[in-house]
$ cat query.txt   # compact mmCIF, C-alpha atoms
# COMPACT_ATOMS: atom_id res chain seq x y z
CA LEU B 1 -70.15 152.98 -127.55
CA SER B 2 -71.07 150.53 -124.81
CA GLY B 3 -71.74 146.80 -124.85
CA SER B 4 -71.53 146.58 -128.66
CA LEU B 5 -70.29 143.74 -130.86
CA PHE B 6 -68.47 144.40 -134.16
CA GLU B 7 -67.70 141.15 -135.94
CA GLY B 8 -66.53 140.20 -139.43
CA ASN B 9 -66.55 143.67 -140.95
CA HIS B 10 -64.27 144.57 -143.87
CA ALA B 11 -63.02 147.91 -145.19
CA THR B 12 -62.60 147.45 -148.93
CA PHE B 13 -60.44 150.48 -149.76
CA ALA B 14 -60.21 152.54 -146.57
CA ASN B 15 -58.99 152.34 -142.96
CA GLY B 16 -60.89 150.91 -140.00
CA GLY B 17 -62.51 147.55 -140.69
CA ALA B 18 -65.45 148.25 -138.36
CA LEU B 19 -65.19 151.94 -137.45
CA GLU B 20 -63.46 155.04 -138.81
CA ILE B 21 -63.81 158.06 -136.52
CA LEU B 22 -62.48 161.51 -137.41
CA GLY B 23 -62.19 164.58 -135.20
CA THR B 24 -64.40 163.74 -132.24
CA SER B 25 -64.30 162.49 -128.65
CA THR B 26 -65.21 158.84 -128.27
CA SER B 27 -65.78 156.56 -125.29
CA VAL B 28 -65.62 152.78 -125.75
CA SER B 29 -66.62 150.44 -122.91
CA ASP B 30 -67.36 146.72 -122.71
CA CYS B 31 -67.30 146.30 -126.49
CA GLU B 32 -66.05 143.31 -128.47
CA LEU B 33 -64.41 143.72 -131.85
CA LYS B 34 -63.37 140.51 -133.55
CA GLU B 35 -62.39 139.23 -136.98
CA ASN B 36 -62.58 142.63 -138.63
CA ASP B 37 -60.05 143.60 -141.29
CA SER B 38 -58.72 146.51 -143.30
CA PRO B 39 -56.23 146.76 -146.19
CA GLY B 40 -54.89 149.94 -144.58
CA MET B 41 -54.64 150.97 -140.93
CA GLY B 42 -56.79 149.74 -138.04
CA GLY B 43 -58.28 146.30 -138.53
CA ALA B 44 -61.19 147.14 -136.25
CA MET B 45 -60.94 150.89 -135.44
CA PHE B 46 -59.22 153.89 -137.00
CA PHE B 47 -59.05 157.32 -135.30
CA VAL B 48 -57.53 160.64 -136.37
CA PHE B 49 -57.77 164.02 -134.59
CA SER B 50 -59.76 162.26 -131.87
CA ASP B 51 -59.72 161.86 -128.09
CA VAL B 52 -60.47 158.27 -127.14
CA SER B 53 -61.14 156.63 -123.79
CA MET B 54 -61.46 152.88 -123.73
CA ILE B 55 -62.23 150.46 -120.89
CA GLU B 56 -62.80 146.71 -120.55
CA SER B 57 -63.15 146.06 -124.28
CA ARG B 58 -61.85 143.10 -126.27
CA PHE B 59 -60.06 143.11 -129.63
CA MET B 60 -59.76 139.58 -131.00
CA SER B 61 -58.31 138.27 -134.29
CA ASN B 62 -58.48 141.50 -136.25
CA ARG B 63 -56.22 142.13 -139.28
CA ALA B 64 -54.73 145.14 -141.09
CA ALA B 65 -51.64 146.30 -142.96
CA SER B 66 -50.73 148.33 -139.84
CA GLY B 67 -52.46 148.46 -136.47
CA GLY B 68 -54.01 144.99 -136.51
CA ALA B 69 -56.73 145.94 -134.02
CA MET B 70 -56.60 149.75 -133.89
CA SER B 71 -54.79 152.72 -135.38
CA LEU B 72 -54.64 156.13 -133.73
CA GLY B 73 -52.98 159.14 -135.33
CA PHE B 74 -52.57 162.85 -136.04
CA SER B 75 -52.85 164.64 -132.69
CA SER B 76 -55.13 162.02 -131.16
CA THR B 77 -55.10 160.83 -127.55
CA LEU B 78 -55.88 157.41 -126.11
CA VAL B 79 -56.56 156.58 -122.46
CA SER B 80 -56.88 152.81 -122.16
CA PHE B 81 -57.75 150.70 -119.08
CA THR B 82 -58.09 146.91 -118.68
CA ASN B 83 -58.61 146.13 -122.36
CA THR B 84 -57.67 142.86 -124.05
CA PHE B 85 -55.86 142.55 -127.40
CA LYS B 86 -55.49 138.94 -128.48
CA GLY B 87 -54.58 137.27 -131.75
CA ASN B 88 -54.48 140.45 -133.83
CA LYS B 89 -52.10 140.70 -136.78
CA ALA B 90 -50.51 143.43 -138.91
CA GLU B 91 -48.41 142.89 -142.00
CA LEU B 92 -46.31 145.95 -141.12
CA HIS B 93 -46.44 148.04 -137.94
CA GLY B 94 -48.16 147.17 -134.65
CA GLY B 95 -49.79 143.76 -134.41
CA ALA B 96 -52.45 145.20 -132.09
CA LEU B 97 -51.92 149.00 -131.97
CA LEU B 98 -50.41 151.62 -134.26
CA LEU B 99 -49.90 155.00 -132.54
CA SER B 100 -48.68 157.57 -135.07
CA ASN B 101 -48.11 161.26 -134.27
CA VAL B 102 -50.23 161.01 -131.12
CA ASN B 103 -50.45 163.64 -128.38
CA GLN B 104 -51.00 161.16 -125.55
CA TRP B 105 -51.11 157.44 -124.84
CA SER B 106 -51.89 156.13 -121.38
CA SER B 107 -52.31 152.39 -120.94
CA GLU B 108 -53.09 150.78 -117.57
CA LYS B 109 -53.54 147.05 -116.94
CA ASP B 110 -54.07 146.29 -120.63
CA TYR B 111 -53.52 142.69 -121.72
CA PHE B 112 -51.74 141.83 -124.99
CA ASP B 113 -51.48 138.18 -126.05
CA LEU B 114 -50.41 136.40 -129.26
CA ASN B 115 -50.37 139.48 -131.47
CA GLU B 116 -48.10 139.61 -134.54
CA GLY B 117 -46.52 142.33 -136.66
CA ASP B 118 -43.39 143.12 -138.63
CA ASN B 119 -42.13 145.92 -136.35
CA GLY B 120 -43.89 145.79 -132.97
CA GLY B 121 -45.60 142.49 -132.29
CA CYS B 122 -48.10 144.26 -130.02
CA ILE B 123 -47.56 148.01 -130.38
CA SER B 124 -45.83 150.36 -132.78
CA ILE B 125 -45.31 153.98 -131.67
CA ARG B 126 -44.14 156.32 -134.42
CA SER B 127 -43.08 159.96 -134.00
CA PRO B 128 -45.19 160.97 -130.97
CA MET B 129 -45.81 164.71 -130.73
CA LYS B 130 -45.53 165.13 -126.95
CA ASP B 131 -43.70 163.54 -124.02
CA ASN B 132 -46.86 161.88 -122.78
CA LEU B 133 -46.49 158.12 -123.23
CA ALA B 134 -47.06 155.71 -120.34
CA MET B 135 -47.74 152.01 -119.75
CA LYS B 136 -48.63 150.92 -116.24
CA SER B 137 -48.89 147.25 -115.29
CA PRO B 138 -49.28 145.91 -118.83
CA THR B 139 -49.20 142.20 -119.62
CA LEU B 140 -47.33 141.34 -122.82
CA THR B 141 -47.27 137.61 -123.63
CA GLY B 142 -46.49 135.52 -126.68
CA CYS B 143 -46.26 138.42 -129.12
CA THR B 144 -44.04 138.21 -132.19
CA ALA B 145 -42.32 140.72 -134.45
CA LYS B 146 -40.78 139.46 -137.66
CA SER B 147 -38.25 142.30 -137.45
CA SER B 148 -37.77 144.31 -134.22
CA GLY B 149 -39.70 145.00 -131.02
CA GLY B 150 -41.26 141.68 -130.07
CA ALA B 151 -43.85 143.54 -127.99
CA VAL B 152 -43.20 147.29 -128.52
CA TYR B 153 -41.47 149.19 -131.34
CA PHE B 154 -40.82 152.91 -130.76
CA GLU B 155 -39.49 155.12 -133.56
CA SER B 156 -38.99 158.90 -133.40
CA GLN B 157 -38.25 161.06 -136.43
CA GLY B 158 -37.31 164.74 -136.33
CA ARG B 159 -35.69 166.94 -133.71
CA THR B 160 -39.01 167.71 -132.03
CA THR B 161 -39.10 164.14 -130.76
CA GLU B 162 -35.81 164.38 -128.84
CA GLY B 163 -36.46 163.97 -125.11
CA ILE B 164 -39.71 162.03 -125.55
CA THR B 165 -39.68 158.91 -123.38
CA LEU B 166 -41.94 155.87 -123.12
CA ARG B 167 -42.32 155.10 -119.41
CA ALA B 168 -43.33 151.49 -118.81
CA SER B 169 -43.72 150.40 -115.19
CA SER B 170 -44.50 147.05 -113.54
CA VAL B 171 -44.38 145.22 -116.86
CA THR B 172 -45.21 141.52 -117.12
CA ALA B 173 -43.45 140.25 -120.26
CA ARG B 174 -43.29 136.58 -121.10
CA GLY B 175 -42.50 134.70 -124.31
CA ASN B 176 -42.24 137.68 -126.69
CA LYS B 177 -39.77 137.52 -129.57
CA ALA B 178 -38.22 139.56 -132.36
CA ILE B 179 -37.29 136.96 -134.95
CA GLU B 180 -34.88 138.75 -137.31
CA GLY B 181 -34.13 141.99 -135.50
CA ALA B 182 -33.60 143.37 -131.98
CA GLY B 183 -35.47 143.88 -128.72
CA GLY B 184 -37.50 140.90 -127.53
CA VAL B 185 -39.77 143.20 -125.51
CA PHE B 186 -38.84 146.81 -126.39
CA PHE B 187 -36.99 148.27 -129.36
CA TRP B 188 -36.44 151.99 -129.91
CA THR B 189 -34.73 154.03 -132.57
CA LYS B 190 -34.52 157.64 -133.71
CA GLU B 191 -33.50 159.64 -136.74
CA SER B 192 -29.87 158.73 -137.38
CA SER B 193 -28.54 162.25 -136.80
CA LEU B 194 -30.09 162.20 -133.30
CA MET B 195 -29.38 158.59 -132.51
CA LYS B 196 -25.59 158.82 -132.31
CA PHE B 197 -25.50 161.25 -129.42
CA SER B 198 -28.84 160.74 -127.75
CA THR B 199 -28.76 162.26 -124.28
CA SER B 200 -31.92 160.71 -122.87
CA PRO B 201 -33.28 157.16 -122.90
CA ALA B 202 -36.28 156.65 -125.16
CA VAL B 203 -37.57 153.79 -123.02
CA VAL B 204 -37.47 153.56 -119.23
CA SER B 205 -38.97 150.34 -117.89
CA SER B 206 -39.37 148.20 -114.81
CA PHE B 207 -40.46 144.56 -114.81
CA VAL B 208 -42.50 142.42 -112.46
CA VAL B 209 -41.98 139.41 -114.75
CA ASN B 210 -39.39 139.18 -117.53
CA GLU B 211 -39.21 135.59 -118.79
CA ASP B 212 -38.44 133.75 -122.04
CA ASN B 213 -38.27 136.86 -124.21
CA SER B 214 -35.87 136.60 -127.13
CA ALA B 215 -34.43 138.38 -130.15
CA ASN B 216 -31.53 138.23 -132.56
CA VAL B 217 -30.00 141.07 -130.49
CA GLY B 218 -31.15 142.21 -127.04
CA GLY B 219 -33.54 139.67 -125.56
CA THR B 220 -35.30 142.31 -123.46
CA ILE B 221 -34.54 145.79 -124.82
CA ALA B 222 -32.44 147.11 -127.69
CA SER B 223 -31.95 150.33 -129.59
CA GLY B 224 -30.91 151.40 -133.05
CA PRO B 225 -27.27 152.33 -133.84
CA CYS B 226 -25.96 154.74 -131.21
CA LEU B 227 -22.93 155.72 -129.17
CA MET B 228 -24.91 156.04 -125.95
CA ILE B 229 -26.20 152.59 -125.07
CA GLN B 230 -28.96 152.55 -122.48
CA TRP B 231 -28.11 149.77 -120.04
CA SER B 232 -31.03 148.65 -117.90
CA GLY B 233 -30.84 146.38 -114.91
CA PRO B 234 -32.36 145.78 -111.48
CA LEU B 235 -31.47 148.18 -108.70
CA ASP B 236 -33.79 146.81 -106.03
CA GLY B 237 -36.09 143.98 -106.99
CA PRO B 238 -37.98 144.74 -110.20
CA ALA B 239 -37.03 148.44 -110.27
CA ALA B 240 -35.11 149.61 -113.34
CA ARG B 241 -31.82 151.45 -113.39
CA ILE B 242 -30.64 153.33 -116.46
CA ASP B 243 -26.91 153.69 -117.03
CA ARG B 244 -24.99 155.01 -120.02
CA THR B 245 -21.76 153.98 -121.65
CA SER B 246 -20.07 154.99 -124.91
CA VAL B 247 -19.85 152.05 -127.28
CA ASP B 248 -20.36 152.11 -131.05
CA THR B 249 -22.40 149.10 -132.19
CA THR B 250 -24.87 148.14 -134.89
CA PHE B 251 -27.51 147.73 -132.21
CA GLY B 252 -27.39 149.19 -128.71
CA GLN B 253 -28.21 145.99 -126.88
CA VAL B 254 -29.73 146.54 -123.47
CA VAL B 255 -29.13 143.75 -120.99
CA ASP B 256 -28.97 143.26 -117.28
CA ARG B 257 -26.25 145.65 -116.09
CA GLU B 258 -24.55 143.36 -113.60
CA GLU B 259 -24.37 140.45 -116.04
CA ALA B 260 -22.95 142.74 -118.72
CA LYS B 261 -20.38 144.14 -116.34
CA GLN B 262 -19.20 140.66 -115.39
CA SER B 263 -18.91 139.54 -119.01
CA ASP B 264 -17.08 142.65 -120.26
CA PRO B 265 -15.91 145.12 -117.55
CA SER B 266 -14.28 147.33 -120.21
CA LEU B 267 -17.71 148.56 -121.25
CA PHE B 268 -18.14 150.31 -117.91
CA THR B 269 -14.84 152.18 -117.53
CA ASN B 270 -16.52 155.56 -118.07
CA GLU B 271 -19.87 154.66 -116.61
CA VAL B 272 -22.28 157.47 -115.80
CA VAL B 273 -25.37 156.62 -113.79
CA ALA B 274 -28.36 158.53 -115.07
$ encode --input "query.txt" --output "structure tokens"
Amino acid sequence: LSGSLFEGNHATFANGGALEILGTSTSVSDCELKENDSPGMGGAMFFVFSDVSMIESRFMSNRAASGGAMSLGFSSTLVSFTNTFKGNKAELHGGALLLSNVNQWSSEKDYFDLNEGDNGGCISIRSPMKDNLAMKSPTLTGCTAKSSGGAVYFESQGRTTEGITLRASSVTARGNKAIEGAGGVFFWTKESSLMKFSTSPAVVSSFVVNEDNSANVGGTIASGPCLMIQWSGPLDGPAARIDRTSVDTTFGQVVDREEAKQSDPSLFTNEVVA
């Protein structure tokens, strides 16, 4: 697909307001998909068992129950470069993108603005199948989650997901919010039996810009209930440092390490630097 416009399409009973693609390789370049809607997943596009590459395309004002602009699932892969997702909305998961049981997601220089969802204002990642998730130089601005993950919500279920990490580097995040829950930019959680003694961080991030993000708990990053809180703070400039400390809380709030240490030094008595 190249240079195509998909506008105002509606899926009455199914997924994918404009396109539903099953079990094939697809390339999307310089396409515009706007004001499409679906009562299910993927307001504009829905993929399963598919390998997708996407470049310089625009997803504007699409709507769905989950995956306001696009839904990708069941062993699919997505390689995405310099795409724009603006003004998309999901009632449930992923205002712009829903990635469910995917094999790979690679996003570079994608732009997300003013997207809305319940969990994951921009993106919802659910039970990825492989440790192959990466965001490089994304821009996340003005996105809103009613619950958790103002920009990104990451949930893993099952023991096969232990050790899978979302690596987000050189992130520009401004004005994202989680209204009722946690994690103004990133929120992650796992199956409760794994969450308590998680040995590896589910999200490792570094920021170029981190401004005016907010949440009920954890203005930048937060996790579900756990004993191993993943503290993240600057080491040198925008680089991220992951530390661990044993504290039992309702949410594992992730804040700037030095500020947290100044406010409550007792949290760091048994600090282990990852």
$ closest_residue --input "query.txt" --among "B:Gly142, B:Gly73, B:Gly149, B:Gly117" --to "B:Gly23" --atoms "all atoms listed in the file"
B:Gly73
$ residues_around --input "query.txt" --residues "B:Phe49" --least-positions-apart "2" --cutoff "6 Å" --atoms "all atoms listed in the file" --output "MDAnalysis selection string"
chainID B and resid 23 74:76
$ residues_around --input "query.txt" --residues "B:Arg174" --least-positions-apart "4" --cutoff "6 Å" --atoms "only C-alpha atoms" --output "list in words"
Thr141, Asn210, Glu211, Asp212 and Asn213 of chain B
$ atom_distance --input "query.txt" --atom1 "atom CA of B:Ser148" --atom2 "atom CA of B:Pro128"
18.5 Å
$ atom_distance --input "query.txt" --atom1 "atom CA of B:Lys34" --atom2 "atom CA of B:Thr139"
19.9 Å
$ closest_residue --input "query.txt" --among "B:Ser127, B:Ser27, B:Ser53, B:Ser205" --to "B:Ala173" --atoms "all atoms listed in the file"
B:Ser205
$ atom_distance --input "query.txt" --atom1 "atom CA of B:Leu92" --atom2 "atom CA of B:Leu140"
18.9 Å
$ closest_residue --input "query.txt" --among "B:Glu155, B:Ala222, B:Lys177, B:Val171" --to "B:Thr189" --atoms "only C-alpha atoms"
B:Glu155
$ residues_near_point --input "query.txt" --point "(-59.2, 149.9, -141.8)" --cutoff "12 Å" --atoms "all atoms listed in the file" --output "PyMOL selection string"
chain B and resi 9-21+36-47+62-72+90+98
$ closest_residue --input "query.txt" --among "B:Glu56, B:Glu7, B:Asp113, B:Asp131" --to "B:Gly95" --atoms "all atoms listed in the file"
B:Asp113
$ closest_residue --input "query.txt" --among "B:Ser57, B:Ser169, B:Ser50, B:Gln104" --to "B:Leu133" --atoms "all atoms listed in the file"
B:Gln104
$ closest_residue --input "query.txt" --among "B:Cys143, B:Leu114, B:Met60, B:Leu5" --to "B:Ser214" --atoms "all atoms listed in the file"
B:Cys143
$ decode --input "query.txt" --residues "stretch 113-127 of chain B" --atoms "all heavy atoms" --output "short mmCIF file (atom, residue, chain, number, x, y, z; two decimals), in the first residue's frame"
data_model
loop_
_atom_site.label_atom_id
_atom_site.label_comp_id
_atom_site.auth_asym_id
_atom_site.auth_seq_id
_atom_site.Cartn_x
_atom_site.Cartn_y
_atom_site.Cartn_z
N ASP B 113 0.37 11.97 19.31
CA ASP B 113 -0.12 13.24 19.86
C ASP B 113 -1.63 13.15 20.09
O ASP B 113 -2.38 12.72 19.20
CB ASP B 113 0.21 14.37 18.89
CG ASP B 113 -0.18 15.74 19.42
OD1 ASP B 113 0.05 16.00 20.61
OD2 ASP B 113 -0.73 16.54 18.64
N LEU B 114 -2.06 13.52 21.31
CA LEU B 114 -3.48 13.70 21.63
C LEU B 114 -4.30 12.44 21.41
O LEU B 114 -5.47 12.50 21.00
CB LEU B 114 -4.07 14.86 20.82
CG LEU B 114 -3.42 16.23 21.06
CD1 LEU B 114 -4.00 17.26 20.10
CD2 LEU B 114 -3.62 16.67 22.50
N ASN B 115 -3.71 11.28 21.68
CA ASN B 115 -4.46 10.03 21.64
C ASN B 115 -5.03 9.73 23.02
O ASN B 115 -4.49 10.16 24.04
CB ASN B 115 -3.55 8.90 21.17
CG ASN B 115 -2.96 9.16 19.80
OD1 ASN B 115 -3.66 9.12 18.79
ND2 ASN B 115 -1.67 9.46 19.75
N GLU B 116 -6.14 8.96 23.07
CA GLU B 116 -6.81 8.69 24.33
C GLU B 116 -7.23 7.22 24.42
O GLU B 116 -7.71 6.64 23.44
CB GLU B 116 -8.07 9.55 24.48
CG GLU B 116 -7.82 11.05 24.48
CD GLU B 116 -9.12 11.82 24.60
OE1 GLU B 116 -10.08 11.28 25.17
OE2 GLU B 116 -9.17 12.96 24.11
N GLY B 117 -7.06 6.65 25.62
CA GLY B 117 -7.53 5.30 25.88
C GLY B 117 -7.76 5.11 27.37
O GLY B 117 -7.45 5.98 28.17
N ASP B 118 -8.30 3.96 27.75
CA ASP B 118 -8.49 3.68 29.17
C ASP B 118 -7.17 3.26 29.80
O ASP B 118 -6.67 3.92 30.71
CB ASP B 118 -9.54 2.58 29.35
CG ASP B 118 -9.87 2.36 30.82
OD1 ASP B 118 -9.81 3.33 31.60
OD2 ASP B 118 -10.15 1.21 31.20
N ASN B 119 -6.56 2.20 29.31
CA ASN B 119 -5.21 1.81 29.70
C ASN B 119 -4.30 1.97 28.48
O ASN B 119 -4.46 1.28 27.47
CB ASN B 119 -5.16 0.35 30.17
CG ASN B 119 -5.64 0.20 31.59
OD1 ASN B 119 -5.28 0.99 32.46
ND2 ASN B 119 -6.47 -0.81 31.85
N GLY B 120 -3.34 2.92 28.58
CA GLY B 120 -2.47 3.23 27.46
C GLY B 120 -3.05 4.30 26.57
O GLY B 120 -3.78 4.00 25.62
N GLY B 121 -2.76 5.57 26.89
CA GLY B 121 -3.28 6.66 26.08
C GLY B 121 -2.84 6.58 24.63
O GLY B 121 -3.59 6.91 23.72
N CYS B 122 -1.58 6.16 24.42
CA CYS B 122 -1.06 5.96 23.06
C CYS B 122 -1.04 4.47 22.69
O CYS B 122 -1.58 4.07 21.66
CB CYS B 122 0.37 6.49 22.94
SG CYS B 122 0.56 8.26 23.09
N ILE B 123 -0.38 3.68 23.55
CA ILE B 123 -0.02 2.30 23.18
C ILE B 123 -0.33 1.35 24.33
O ILE B 123 -0.04 1.65 25.49
CB ILE B 123 1.49 2.22 22.87
CG1 ILE B 123 1.85 3.17 21.72
CG2 ILE B 123 1.90 0.79 22.52
CD1 ILE B 123 3.29 3.63 21.74
N SER B 124 -0.91 0.23 24.01
CA SER B 124 -1.10 -0.85 24.97
C SER B 124 -0.42 -2.10 24.44
O SER B 124 -0.70 -2.55 23.33
CB SER B 124 -2.59 -1.13 25.19
OG SER B 124 -2.76 -2.19 26.11
N ILE B 125 0.52 -2.63 25.23
CA ILE B 125 1.25 -3.86 24.87
C ILE B 125 0.81 -4.95 25.84
O ILE B 125 0.94 -4.81 27.05
CB ILE B 125 2.76 -3.65 24.99
CG1 ILE B 125 3.22 -2.46 24.16
CG2 ILE B 125 3.52 -4.91 24.58
CD1 ILE B 125 4.64 -2.02 24.42
N ARG B 126 0.29 -6.05 25.31
CA ARG B 126 -0.27 -7.09 26.16
C ARG B 126 0.34 -8.45 25.81
O ARG B 126 0.24 -8.93 24.69
CB ARG B 126 -1.79 -7.13 26.03
CG ARG B 126 -2.44 -5.76 26.29
CD ARG B 126 -3.94 -5.76 26.15
NE ARG B 126 -4.58 -6.55 27.18
CZ ARG B 126 -4.84 -6.08 28.40
NH1 ARG B 126 -4.50 -4.85 28.72
NH2 ARG B 126 -5.43 -6.85 29.29
N SER B 127 1.00 -9.04 26.79
CA SER B 127 1.56 -10.39 26.69
C SER B 127 2.36 -10.64 25.42
O SER B 127 2.02 -11.52 24.62
CB SER B 127 0.44 -11.43 26.83
OG SER B 127 -0.19 -11.31 28.08
#
